[in-house]
$ cat final-v6.txt   # compact mmCIF, C-alpha atoms and all ligand atoms
# COMPACT_ATOMS: atom_id res chain seq x y z
CA MET N 144 9.50 1.61 -18.47
CA LYS N 145 5.92 2.87 -18.51
CA ALA N 146 4.84 5.07 -15.62
CA ILE N 147 2.04 7.44 -14.68
CA ILE N 148 3.50 10.95 -14.53
CA GLN N 149 1.99 13.96 -12.78
CA ASP N 150 3.66 17.37 -13.24
CA ARG N 151 0.94 19.64 -11.83
CA TYR N 152 -1.97 19.56 -9.41
CA GLY N 153 -5.50 19.01 -10.64
CA GLU N 154 -8.14 16.44 -11.47
CA PRO N 155 -6.77 12.97 -12.35
CA ALA N 156 -8.04 13.09 -15.97
CA ASP N 157 -6.22 16.41 -16.52
CA VAL N 158 -2.92 15.76 -14.79
CA LEU N 159 -2.09 12.05 -15.10
CA ALA N 160 -0.35 10.80 -18.24
CA LEU N 161 1.15 7.43 -19.13
CA LYS N 162 4.75 8.03 -20.28
CA GLU N 163 7.88 6.09 -21.14
CA ILE N 164 10.70 6.97 -18.73
CA ASP N 165 13.97 5.44 -17.51
CA LYS N 166 13.77 2.54 -15.09
CA PRO N 167 14.80 3.75 -11.59
CA ARG N 168 18.21 2.69 -10.25
CA VAL N 169 18.23 0.83 -6.99
CA LYS N 170 20.20 2.56 -4.19
CA GLU N 171 21.58 1.41 -0.85
CA GLY N 172 18.80 0.07 1.39
CA GLU N 173 16.37 -0.16 -1.51
CA VAL N 174 14.70 -2.86 -3.55
CA LEU N 175 13.74 -2.49 -7.20
CA VAL N 176 10.25 -3.97 -7.46
CA ARG N 177 8.67 -5.12 -10.70
CA VAL N 178 5.18 -3.86 -9.89
CA HIS N 179 2.34 -6.32 -10.44
CA ALA N 180 -0.36 -4.35 -8.66
CA ALA N 181 -0.82 -1.06 -6.83
CA SER N 182 -3.85 0.14 -4.92
CA ILE N 183 -5.36 3.60 -4.67
CA ASN N 184 -6.02 5.46 -1.45
CA ILE N 185 -8.38 8.38 -1.12
CA GLY N 186 -5.22 10.16 0.13
CA ASP N 187 -3.65 9.69 -3.35
CA CYS N 188 -6.59 11.69 -4.73
CA HIS N 189 -6.00 14.52 -2.23
CA VAL N 190 -2.27 14.63 -3.05
CA MET N 191 -3.15 14.68 -6.77
CA ARG N 192 -5.31 17.77 -6.26
CA GLY N 193 -2.83 19.34 -3.81
CA VAL N 194 -5.47 19.80 -1.10
CA PRO N 195 -5.77 20.81 1.62
CA TYR N 196 -3.31 23.61 0.76
CA ILE N 197 -1.76 23.42 4.21
CA MET N 198 -0.21 20.12 3.07
CA ARG N 199 1.54 21.69 0.06
CA PRO N 200 4.90 22.14 1.86
CA ALA N 201 4.90 18.34 2.28
CA PHE N 202 3.43 17.43 -1.15
CA GLY N 203 5.40 20.06 -3.14
CA LEU N 204 4.51 23.77 -3.22
CA ARG N 205 3.77 24.31 -6.93
CA ARG N 206 3.81 20.79 -8.28
CA PRO N 207 3.94 17.31 -6.73
CA ARG N 208 7.35 16.47 -5.34
CA ASN N 209 6.87 12.85 -6.42
CA ARG N 210 6.18 12.83 -10.15
CA ILE N 211 4.95 9.23 -10.05
CA PRO N 212 1.99 8.80 -7.67
CA GLY N 213 0.99 5.65 -5.81
CA MET N 214 2.03 4.14 -2.48
CA ASP N 215 0.60 0.67 -1.92
CA ILE N 216 2.45 -1.93 -3.92
CA ALA N 217 2.87 -5.65 -4.58
CA GLY N 218 5.26 -7.25 -7.02
CA LYS N 219 8.46 -9.22 -7.54
CA VAL N 220 11.95 -8.20 -6.52
CA GLU N 221 13.97 -7.36 -9.63
CA ALA N 222 17.18 -6.20 -7.92
CA VAL N 223 18.39 -5.27 -4.44
CA GLY N 224 20.69 -2.53 -3.14
CA ALA N 225 24.18 -3.48 -1.94
CA ASP N 226 23.29 -3.82 1.75
CA VAL N 227 19.90 -5.49 1.39
CA THR N 228 20.05 -9.03 2.71
CA GLN N 229 16.42 -9.92 3.45
CA PHE N 230 15.29 -10.11 -0.21
CA GLN N 231 16.55 -11.65 -3.41
CA PRO N 232 15.52 -11.21 -7.04
CA GLY N 233 12.34 -13.18 -7.70
CA ASP N 234 10.89 -12.79 -4.18
CA GLU N 235 7.21 -11.83 -4.09
CA VAL N 236 6.72 -8.79 -1.85
CA PHE N 237 4.14 -6.23 -0.71
CA GLY N 238 4.25 -2.99 1.23
CA TRP N 239 4.41 0.73 0.57
CA GLY N 240 6.72 3.12 -1.21
CA LYS N 241 6.68 5.99 -3.68
CA GLY N 242 5.92 5.79 -7.36
CA ALA N 243 3.80 2.62 -7.30
CA PHE N 244 1.84 3.54 -10.46
CA ALA N 245 4.63 2.32 -12.75
CA GLU N 246 6.15 -0.85 -14.12
CA TYR N 247 9.06 -0.59 -11.66
CA ALA N 248 9.47 1.22 -8.35
CA THR N 249 12.35 1.54 -5.90
CA VAL N 250 11.19 0.89 -2.35
CA GLU N 251 12.96 1.02 1.03
CA ALA N 252 13.65 -2.65 1.85
CA ASP N 253 12.29 -2.06 5.37
CA ASN N 254 8.88 -1.10 3.93
CA LEU N 255 8.38 -4.50 2.30
CA LEU N 256 7.49 -7.97 3.51
CA PRO N 257 7.11 -11.30 1.73
CA LYS N 258 3.67 -11.40 0.09
CA PRO N 259 1.08 -13.49 2.00
CA ALA N 260 1.07 -16.85 0.22
CA ASN N 261 -2.74 -17.03 0.09
CA LEU N 262 -3.22 -13.64 -1.60
CA THR N 263 -2.91 -12.57 -5.22
CA PHE N 264 -0.71 -9.57 -6.01
CA GLU N 265 -3.88 -7.50 -6.38
CA GLN N 266 -5.15 -8.49 -2.93
CA ALA N 267 -1.72 -7.92 -1.36
CA ALA N 268 -1.49 -4.44 -2.89
CA ALA N 269 -4.94 -3.66 -1.48
CA ILE N 270 -3.72 -4.03 2.14
CA GLY N 271 -1.37 -1.03 2.46
CA VAL N 272 -2.39 2.24 4.09
CA SER N 273 -6.10 1.39 4.48
CA ALA N 274 -5.56 -1.81 6.44
CA GLN N 275 -2.84 -0.24 8.60
CA THR N 276 -5.18 2.67 9.35
CA ALA N 277 -7.98 0.28 10.28
CA LEU N 278 -5.69 -1.81 12.50
CA GLN N 279 -4.28 1.20 14.35
CA ALA N 280 -7.78 2.66 14.78
CA VAL N 281 -9.41 -0.50 16.12
CA ARG N 282 -6.52 -1.99 18.12
CA ASP N 283 -4.60 1.06 19.39
CA HIS N 284 -7.23 3.78 19.70
CA GLY N 285 -10.43 1.76 20.14
CA LYS N 286 -8.66 -0.91 22.23
CA VAL N 287 -11.50 -3.09 20.98
CA HIS N 288 -12.08 -6.27 22.95
CA PRO N 289 -14.64 -9.09 23.11
CA GLY N 290 -18.19 -8.07 23.93
CA GLN N 291 -17.81 -4.43 22.94
CA LYS N 292 -20.20 -2.75 20.55
CA VAL N 293 -18.37 -1.09 17.66
CA LEU N 294 -19.82 1.07 14.89
CA VAL N 295 -17.91 1.74 11.67
CA ASN N 296 -19.27 4.71 9.74
CA GLY N 297 -18.17 4.36 6.12
CA ALA N 298 -17.95 0.57 6.50
CA SER N 299 -17.91 -0.13 2.76
CA GLY N 300 -14.78 1.84 1.85
CA GLY N 301 -11.06 1.10 1.89
CA VAL N 302 -10.55 1.61 5.62
CA GLY N 303 -14.05 0.50 6.64
CA THR N 304 -13.94 -2.97 5.05
CA PHE N 305 -10.73 -3.73 6.95
CA ALA N 306 -12.01 -2.15 10.19
CA VAL N 307 -15.18 -4.28 10.21
CA GLN N 308 -13.15 -7.50 9.78
CA ILE N 309 -10.48 -6.55 12.33
CA ALA N 310 -13.04 -5.49 14.97
CA LYS N 311 -14.90 -8.79 14.41
CA SER N 312 -11.68 -10.74 14.84
CA PHE N 313 -11.18 -8.97 18.21
CA GLY N 314 -14.56 -10.32 19.32
CA ALA N 315 -16.65 -7.15 19.04
CA GLU N 316 -20.28 -6.90 17.94
CA VAL N 317 -19.90 -4.78 14.83
CA THR N 318 -22.35 -2.44 13.12
CA GLY N 319 -21.43 -1.10 9.69
CA VAL N 320 -22.95 2.03 8.14
CA CYS N 321 -23.08 2.22 4.34
CA SER N 322 -25.39 2.94 1.39
CA THR N 323 -28.09 0.56 0.14
CA ASP N 324 -26.02 -1.05 -2.64
CA LYS N 325 -23.31 -2.07 -0.21
CA VAL N 326 -25.37 -3.57 2.60
CA GLN N 327 -24.90 -7.09 1.27
CA MET N 328 -21.11 -6.75 0.94
CA VAL N 329 -20.73 -5.29 4.46
CA THR N 330 -22.82 -8.18 5.83
CA SER N 331 -20.68 -10.67 3.88
CA ILE N 332 -17.46 -9.47 5.56
CA GLY N 333 -18.89 -10.20 8.99
CA ALA N 334 -20.81 -7.15 10.25
CA ASP N 335 -23.43 -8.27 12.77
CA HIS N 336 -25.70 -5.34 11.90
CA VAL N 337 -25.72 -3.01 8.92
CA ILE N 338 -27.35 0.43 8.87
CA ASP N 339 -28.26 1.81 5.46
CA TYR N 340 -27.61 5.50 5.90
CA THR N 341 -30.13 6.40 3.21
CA GLN N 342 -32.86 4.91 5.45
CA GLU N 343 -31.63 5.51 8.99
CA ASP N 344 -29.34 7.88 10.85
CA PHE N 345 -27.30 5.98 13.45
CA THR N 346 -27.03 9.09 15.65
CA HIS N 347 -30.82 9.04 16.11
CA GLY N 348 -31.05 5.35 17.08
CA GLU N 349 -31.37 3.81 20.55
CA GLN N 350 -28.17 1.77 20.35
CA ARG N 351 -25.04 3.04 22.16
CA TYR N 352 -21.55 2.02 21.06
CA ASP N 353 -18.30 1.62 23.00
CA PHE N 354 -16.26 2.64 19.97
CA ILE N 355 -17.20 4.52 16.82
CA LEU N 356 -14.74 4.71 13.95
CA ASP N 357 -15.97 7.56 11.79
CA ASN N 358 -14.50 7.37 8.28
CA VAL N 359 -16.93 9.93 6.91
CA GLY N 360 -17.29 12.96 9.20
CA ASN N 361 -20.80 13.78 8.02
CA HIS N 362 -22.22 14.39 11.51
CA SER N 363 -21.35 16.98 14.11
CA PHE N 364 -19.47 15.74 17.14
CA SER N 365 -22.39 16.47 19.41
CA ASP N 366 -24.68 14.34 17.19
CA THR N 367 -22.22 11.44 17.00
CA ARG N 368 -21.64 11.57 20.75
CA ARG N 369 -25.29 10.68 21.31
CA ALA N 370 -24.55 7.22 19.90
CA LEU N 371 -21.62 6.63 22.29
CA THR N 372 -21.81 4.95 25.70
CA ALA N 373 -21.00 7.24 28.63
CA GLU N 374 -17.32 6.35 28.41
CA GLY N 375 -17.19 5.45 24.74
CA THR N 376 -14.58 6.57 22.23
CA LEU N 377 -15.14 8.32 18.92
CA LEU N 378 -12.24 8.22 16.51
CA SER N 379 -12.49 10.84 13.80
CA ASN N 380 -10.83 9.40 10.72
CA GLY N 381 -12.59 11.21 7.93
CA ALA N 382 -13.77 14.66 7.13
CA PRO N 383 -14.57 16.66 4.02
CA VAL N 384 -11.27 17.62 2.37
CA GLY N 385 -10.55 20.81 0.46
CA GLY N 386 -9.63 24.46 0.87
CA TRP N 387 -6.81 25.52 3.14
CA ILE N 388 -7.01 23.21 6.14
CA GLY N 389 -9.57 20.59 5.04
CA GLY N 390 -10.42 18.07 7.75
CA LEU N 391 -8.26 19.80 10.33
CA THR N 392 -11.30 21.71 11.57
CA HIS N 393 -12.72 18.34 12.64
CA VAL N 394 -9.48 17.51 14.45
CA ILE N 395 -9.45 20.83 16.29
CA LYS N 396 -13.10 20.44 17.34
CA ALA N 397 -12.42 16.90 18.59
CA LEU N 398 -9.51 18.09 20.71
CA ALA N 399 -11.43 21.06 22.10
CA GLN N 400 -14.55 19.03 23.01
CA SER N 401 -12.47 16.26 24.62
CA LEU N 402 -11.60 18.74 27.37
CA PHE N 403 -15.23 19.00 28.47
CA VAL N 404 -16.81 15.54 28.11
CA ARG N 405 -16.13 12.11 29.58
CA GLN N 406 -16.36 10.41 26.21
CA GLN N 407 -13.11 10.29 24.30
CA LEU N 408 -13.18 12.25 21.05
CA ARG N 409 -9.96 11.62 19.25
CA PRO N 410 -8.35 12.82 16.07
CA PHE N 411 -6.11 10.29 14.39
CA VAL N 412 -3.25 10.13 11.93
CA SER N 413 -2.15 6.63 10.93
CA MET N 414 1.52 5.76 10.49
CA ASN N 415 3.04 3.21 8.13
CA SER N 416 4.65 0.45 10.17
CA THR N 417 6.30 -2.79 9.11
CA GLU N 418 5.23 -4.37 12.42
CA ASP N 419 1.61 -3.58 11.62
CA LEU N 420 2.01 -4.84 8.06
CA ALA N 421 3.35 -8.09 9.57
CA ALA N 422 0.35 -8.25 11.92
CA LEU N 423 -1.99 -7.78 8.95
CA LYS N 424 -0.16 -10.49 7.05
CA GLU N 425 -0.94 -12.83 9.96
CA PHE N 426 -4.60 -11.78 9.88
CA VAL N 427 -4.94 -12.56 6.17
CA GLU N 428 -2.95 -15.80 6.38
CA ALA N 429 -5.22 -16.93 9.23
CA GLY N 430 -8.26 -16.12 7.07
CA LYS N 431 -9.50 -13.47 9.55
CA VAL N 432 -9.22 -10.62 7.04
CA THR N 433 -9.69 -10.68 3.26
CA PRO N 434 -9.18 -7.53 1.21
CA VAL N 435 -12.33 -6.45 -0.63
CA ILE N 436 -11.54 -5.36 -4.19
CA ASP N 437 -13.99 -3.10 -5.95
CA LYS N 438 -12.56 -2.72 -9.43
CA MET N 439 -9.29 -3.37 -11.22
CA TYR N 440 -7.90 -1.08 -13.92
CA PRO N 441 -4.83 -1.48 -16.16
CA LEU N 442 -1.99 1.02 -15.64
CA SER N 443 -3.05 2.94 -18.75
CA GLU N 444 -6.43 3.69 -17.10
CA THR N 445 -5.01 4.98 -13.82
CA ALA N 446 -6.63 8.42 -14.25
CA GLU N 447 -10.05 6.79 -14.52
CA ALA N 448 -9.33 4.58 -11.50
CA VAL N 449 -8.21 7.50 -9.33
CA GLY N 450 -11.24 9.49 -10.50
CA HIS N 451 -13.46 6.60 -9.39
CA VAL N 452 -11.93 6.49 -5.90
CA GLY N 453 -11.98 10.29 -5.67
CA GLN N 454 -15.78 10.31 -5.89
CA GLY N 455 -15.79 8.86 -2.35
CA HIS N 456 -18.03 5.86 -3.00
CA ALA N 457 -15.59 3.08 -3.83
CA GLN N 458 -16.40 -0.38 -2.49
CA GLY N 459 -13.35 -1.66 -0.62
CA LYS N 460 -10.15 -1.10 -2.58
CA THR N 461 -9.55 -0.14 -6.20
CA VAL N 462 -6.48 -1.72 -7.75
CA ILE N 463 -4.19 -0.90 -10.69
CA THR N 464 -2.80 -3.97 -12.41
CA VAL N 465 0.55 -3.56 -14.11
N1 LIG N 501 -6.29 9.25 9.84
C1 LIG N 501 -5.52 8.83 8.84
O1 LIG N 501 -4.31 8.84 8.94
C2 LIG N 501 -6.20 8.31 7.61
C3 LIG N 501 -5.61 7.32 6.82
C4 LIG N 501 -6.31 6.82 5.72
C5 LIG N 501 -7.56 7.34 5.42
N2 LIG N 501 -8.05 8.35 6.18
C6 LIG N 501 -9.37 8.93 5.91
O2 LIG N 501 -10.35 7.94 6.14
C7 LIG N 501 -11.48 8.23 5.37
C8 LIG N 501 -11.96 6.95 4.70
O3 LIG N 501 -10.96 6.51 3.81
P1 LIG N 501 -11.27 5.32 2.83
O4 LIG N 501 -9.99 4.98 2.18
O5 LIG N 501 -12.03 4.27 3.53
O6 LIG N 501 -12.22 6.08 1.78
P2 LIG N 501 -13.15 5.41 0.67
O7 LIG N 501 -12.57 4.12 0.23
O8 LIG N 501 -13.44 6.48 -0.30
O9 LIG N 501 -14.47 5.04 1.46
C9 LIG N 501 -15.33 6.02 1.93
C10 LIG N 501 -16.66 5.34 2.20
O10 LIG N 501 -17.49 6.31 2.82
C11 LIG N 501 -18.80 5.92 2.53
N3 LIG N 501 -19.72 7.03 2.69
C12 LIG N 501 -19.87 8.14 1.93
N4 LIG N 501 -20.85 8.90 2.44
C13 LIG N 501 -21.32 8.24 3.54
C14 LIG N 501 -22.32 8.52 4.51
N5 LIG N 501 -23.06 9.62 4.44
N6 LIG N 501 -22.50 7.65 5.53
C15 LIG N 501 -21.76 6.52 5.61
N7 LIG N 501 -20.82 6.18 4.71
C16 LIG N 501 -20.60 7.05 3.69
C17 LIG N 501 -18.78 5.42 1.10
O11 LIG N 501 -19.72 4.38 1.05
P3 LIG N 501 -21.05 4.44 0.18
O12 LIG N 501 -20.61 4.32 -1.24
O13 LIG N 501 -21.78 3.28 0.70
O14 LIG N 501 -21.67 5.78 0.41
C18 LIG N 501 -17.35 4.88 0.93
O15 LIG N 501 -17.33 3.49 0.86
C19 LIG N 501 -11.08 9.33 4.39
O16 LIG N 501 -11.60 10.56 4.83
C20 LIG N 501 -9.57 9.34 4.48
O17 LIG N 501 -9.03 10.62 4.20
C21 LIG N 501 -7.41 8.83 7.28
$ encode --input "final-v6.txt" --output "structure tokens" --more "lines below"
Ligand SMILES: NC(=O)c1ccc[n+]([C@@H]2O[C@H](COP(=O)([O-])OP(=O)(O)OC[C@H]3O[C@@H](n4cnc5c(N)ncnc54)[C@H](OP(=O)(O)O)[C@@H]3O)[C@@H](O)[C@H]2O)c1
Amino acid sequence: MKAIIQDRYGEPADVLALKEIDKPRVKEGEVLVRVHAASINIGDCHVMRGVPYIMRPAFGLRRPRNRIPGMDIAGKVEAVGADVTQFQPGDEVFGWGKGAFAEYATVEADNLLPKPANLTFEQAAAIGVSAQTALQAVRDHGKVHPGQKVLVNGASGGVGTFAVQIAKSFGAEVTGVCSTDKVQMVTSIGADHVIDYTQEDFTHGEQRYDFILDNVGNHSFSDTRRALTAEGTLLSNGAPVGGWIGGLTHVIKALAQSLFVRQQLRPFVSMNSTEDLAALKEFVEAGKVTPVIDKMYPLSETAEAVGHVGQGHAQGKTVITV
């Protein structure tokens, strides 16, 4: 089969190569998926570069532990492991696994669900980590409910486009922050107000928000706090990555400042969860959430696609079609 192989850390164009390798063998508890589409997360770009270095024990000290990158996946079941009863060959599925940037991938059966009937493979692959992150941020940490004012900084990206739609579906009044070119798209997915950050800094405005999901981390905590209500919550979901500990400095500051102020400043690590994937499937089947797809690239152009996402200005999700 054809697969994208990475044997060292570095920039996508330098380290990703399309190669012919053996098809993986399905093991107990696994499903062999014929990949139709895979989506790219900004996290895939960090893993590709091996930063922050503190994550190397998890990624692989000298080279990536997983030679084939890619997590978010949608495709058709080709074969199932001996004890897998919930899927059969031919079933259309989506979820997350390892080695999604390939023609075939073996995936834990528990990490897959039947593909939402109203989505294409490309749209289903776009859900993955970004939508789960958005759901956990808005529902579990923001506890967003009707009438609340929510601001999503970085509203036009992978996580942000899902967060805007999910917060709207919970009845919040949502403000999205993005660049000029993306104002129209963020409005089209339901944001009540859109702030173009090239024209206006939300931390200097009059408006106060009950919940701020910060996917960017371009303001200090004390600046962002000014835009929170007295008991509002700021969830720090993005920070500049690189060096030894990357965004962890943001996390440490959030924890330290939380001890001294009434507002909740929270760090956040999302977890993959089949229950949440099922909840998202219900959202998309009910028409409350639609994945926004920026660009689609064939498998052979994965390096270019990852490079595009890695620049940090993707619009919604970028998808590899296989
Ligand atoms: N906590 C977790 O477990 C977890 C899980 C997944 C992701 N994350 C983090 O969440 C963050 C967002 O991920 P993502 O997948 O949404 O990334 P993404 O798809 O690259 O989107 C980032 C967005 O940020 C926007 N942006 C850049 N500069 C901005 C600024 N100054 N003000 C407002 N928006 C700005 C960009 O929009 P414009 O093009 O309009 O500038 C872009 O759409 C990343 O830092 C990622 O590491 C955390």
$ closest_residue --input "final-v6.txt" --among "N:Ala457, N:Ala245, N:Leu278, N:Ile338" --to "ligand LIG 501 (chain N)" --atoms "all atoms listed in the file"
N:Ala457
$ residues_around --input "final-v6.txt" --residues "segment 321-325 of chain N" --least-positions-apart "4" --cutoff "8 Å" --atoms "only C-alpha atoms" --output "MDAnalysis selection string"
chainID N and resid 296:299 329 337:341 458
$ atom_distance --input "final-v6.txt" --atom1 "atom CA of Tyr247 of chain N" --atom2 "atom CA of His456 of chain N"
29.2 Å
$ atom_distance --input "final-v6.txt" --atom1 "atom C4 of ligand LIG 501 (chain N)" --atom2 "atom CA of Gly300 of chain N"
10.6 Å
$ atom_distance --input "final-v6.txt" --atom1 "atom C13 of ligand LIG 501 (chain N)" --atom2 "atom CA of Ala315 of chain N"
22.3 Å
$ residues_around --input "final-v6.txt" --residues "Lys431 of chain N" --least-positions-apart "2" --cutoff "12 Å" --atoms "all atoms listed in the file" --output "ChimeraX atom specification"
/N:305-314,332-333,422-429,433-434
$ closest_residue --input "final-v6.txt" --among "N:Ala222, N:Val320, N:Ala243, N:Ala201" --to "ligand LIG 501 (chain N)" --atoms "all atoms listed in the file"
N:Val320
$ residues_near_point --input "final-v6.txt" --point "(1.6, 5.3, 12.4)" --cutoff "9 Å" --atoms "all atoms listed in the file" --output "PyMOL selection string"
chain N and resi 275-276+279+412-416+419
$ closest_atom_pairs --input "final-v6.txt" --of "segment 201-283 of chain N" --to "segment 163-175 of chain N" --cutoff "12 Å" --atoms "all atoms listed in the file" --output "CSV"
residue,atom,partner,partner_atom,distance
N:Arg210,CA,N:Ile164,CA,11.3
N:Ile211,CA,N:Ile164,CA,10.7
N:Ile216,CA,N:Leu175,CA,11.8
N:Ala217,CA,N:Leu175,CA,11.6
N:Gly218,CA,N:Leu175,CA,9.7
N:Lys219,CA,N:Leu175,CA,8.6
N:Val220,CA,N:Leu175,CA,6.0
N:Glu221,CA,N:Leu175,CA,5.4
N:Ala222,CA,N:Leu175,CA,5.1
N:Val223,CA,N:Val174,CA,4.5
N:Gly224,CA,N:Glu171,CA,4.6
N:Ala225,CA,N:Glu171,CA,5.6
N:Asp226,CA,N:Gly172,CA,6.0
N:Val227,CA,N:Gly172,CA,5.7
N:Thr228,CA,N:Gly172,CA,9.3
N:Gln229,CA,N:Val174,CA,10.1
N:Phe230,CA,N:Val174,CA,8.0
N:Gln231,CA,N:Val174,CA,9.0
N:Pro232,CA,N:Leu175,CA,8.9
N:Gly233,CA,N:Leu175,CA,10.8
N:Asp234,CA,N:Val174,CA,10.7
N:Glu235,CA,N:Val174,CA,11.7
N:Val236,CA,N:Val174,CA,10.1
N:Phe237,CA,N:Val174,CA,11.4
N:Gly238,CA,N:Val174,CA,11.5
N:Trp239,CA,N:Val174,CA,11.7
N:Gly240,CA,N:Glu173,CA,10.2
N:Lys241,CA,N:Pro167,CA,11.6
N:Gly242,CA,N:Pro167,CA,10.0
N:Ala243,CA,N:Leu175,CA,11.2
N:Ala245,CA,N:Lys166,CA,9.4
N:Glu246,CA,N:Lys166,CA,8.4
N:Tyr247,CA,N:Lys166,CA,6.6
N:Ala248,CA,N:Leu175,CA,5.8
N:Thr249,CA,N:Leu175,CA,4.5
N:Val250,CA,N:Val174,CA,5.3
N:Glu251,CA,N:Glu173,CA,4.4
N:Ala252,CA,N:Glu173,CA,5.0
N:Asp253,CA,N:Gly172,CA,7.9
N:Asn254,CA,N:Glu173,CA,9.3
N:Leu255,CA,N:Val174,CA,8.8
N:Leu256,CA,N:Val174,CA,11.3
$ closest_residue --input "final-v6.txt" --among "N:Thr464, N:Thr346, N:Gln454, N:Thr392" --to "His179 of chain N" --atoms "all atoms listed in the file"
N:Thr464
$ residues_around --input "final-v6.txt" --residues "Arg199 of chain N" --least-positions-apart "6" --cutoff "10 Å" --atoms "only C-alpha atoms" --output "list in words"
Val190, Gly193, Arg205, Arg206, Pro207, Arg208 and Trp387 of chain N
$ closest_residue --input "final-v6.txt" --among "N:Leu378, N:Ile436, N:Thr367, N:Gln407" --to "Phe264 of chain N" --atoms "only C-alpha atoms"
N:Ile436
$ residues_near_point --input "final-v6.txt" --point "(-17.7, 1.9, 14.5)" --cutoff "10 Å" --atoms "all atoms listed in the file" --output "PyMOL selection string"
chain N and resi 280-281+285+292-298+303+306-307+310+316-320+352-358+371+376-378
$ closest_residue --input "final-v6.txt" --among "N:His347, N:Lys396, N:Arg405, N:His362" --to "ligand LIG 501 (chain N)" --atoms "all atoms listed in the file"
N:His362
$ closest_residue --input "final-v6.txt" --among "N:Lys460, N:Arg151, N:Lys145, N:Arg351" --to "ligand LIG 501 (chain N)" --atoms "all atoms listed in the file"
N:Lys460
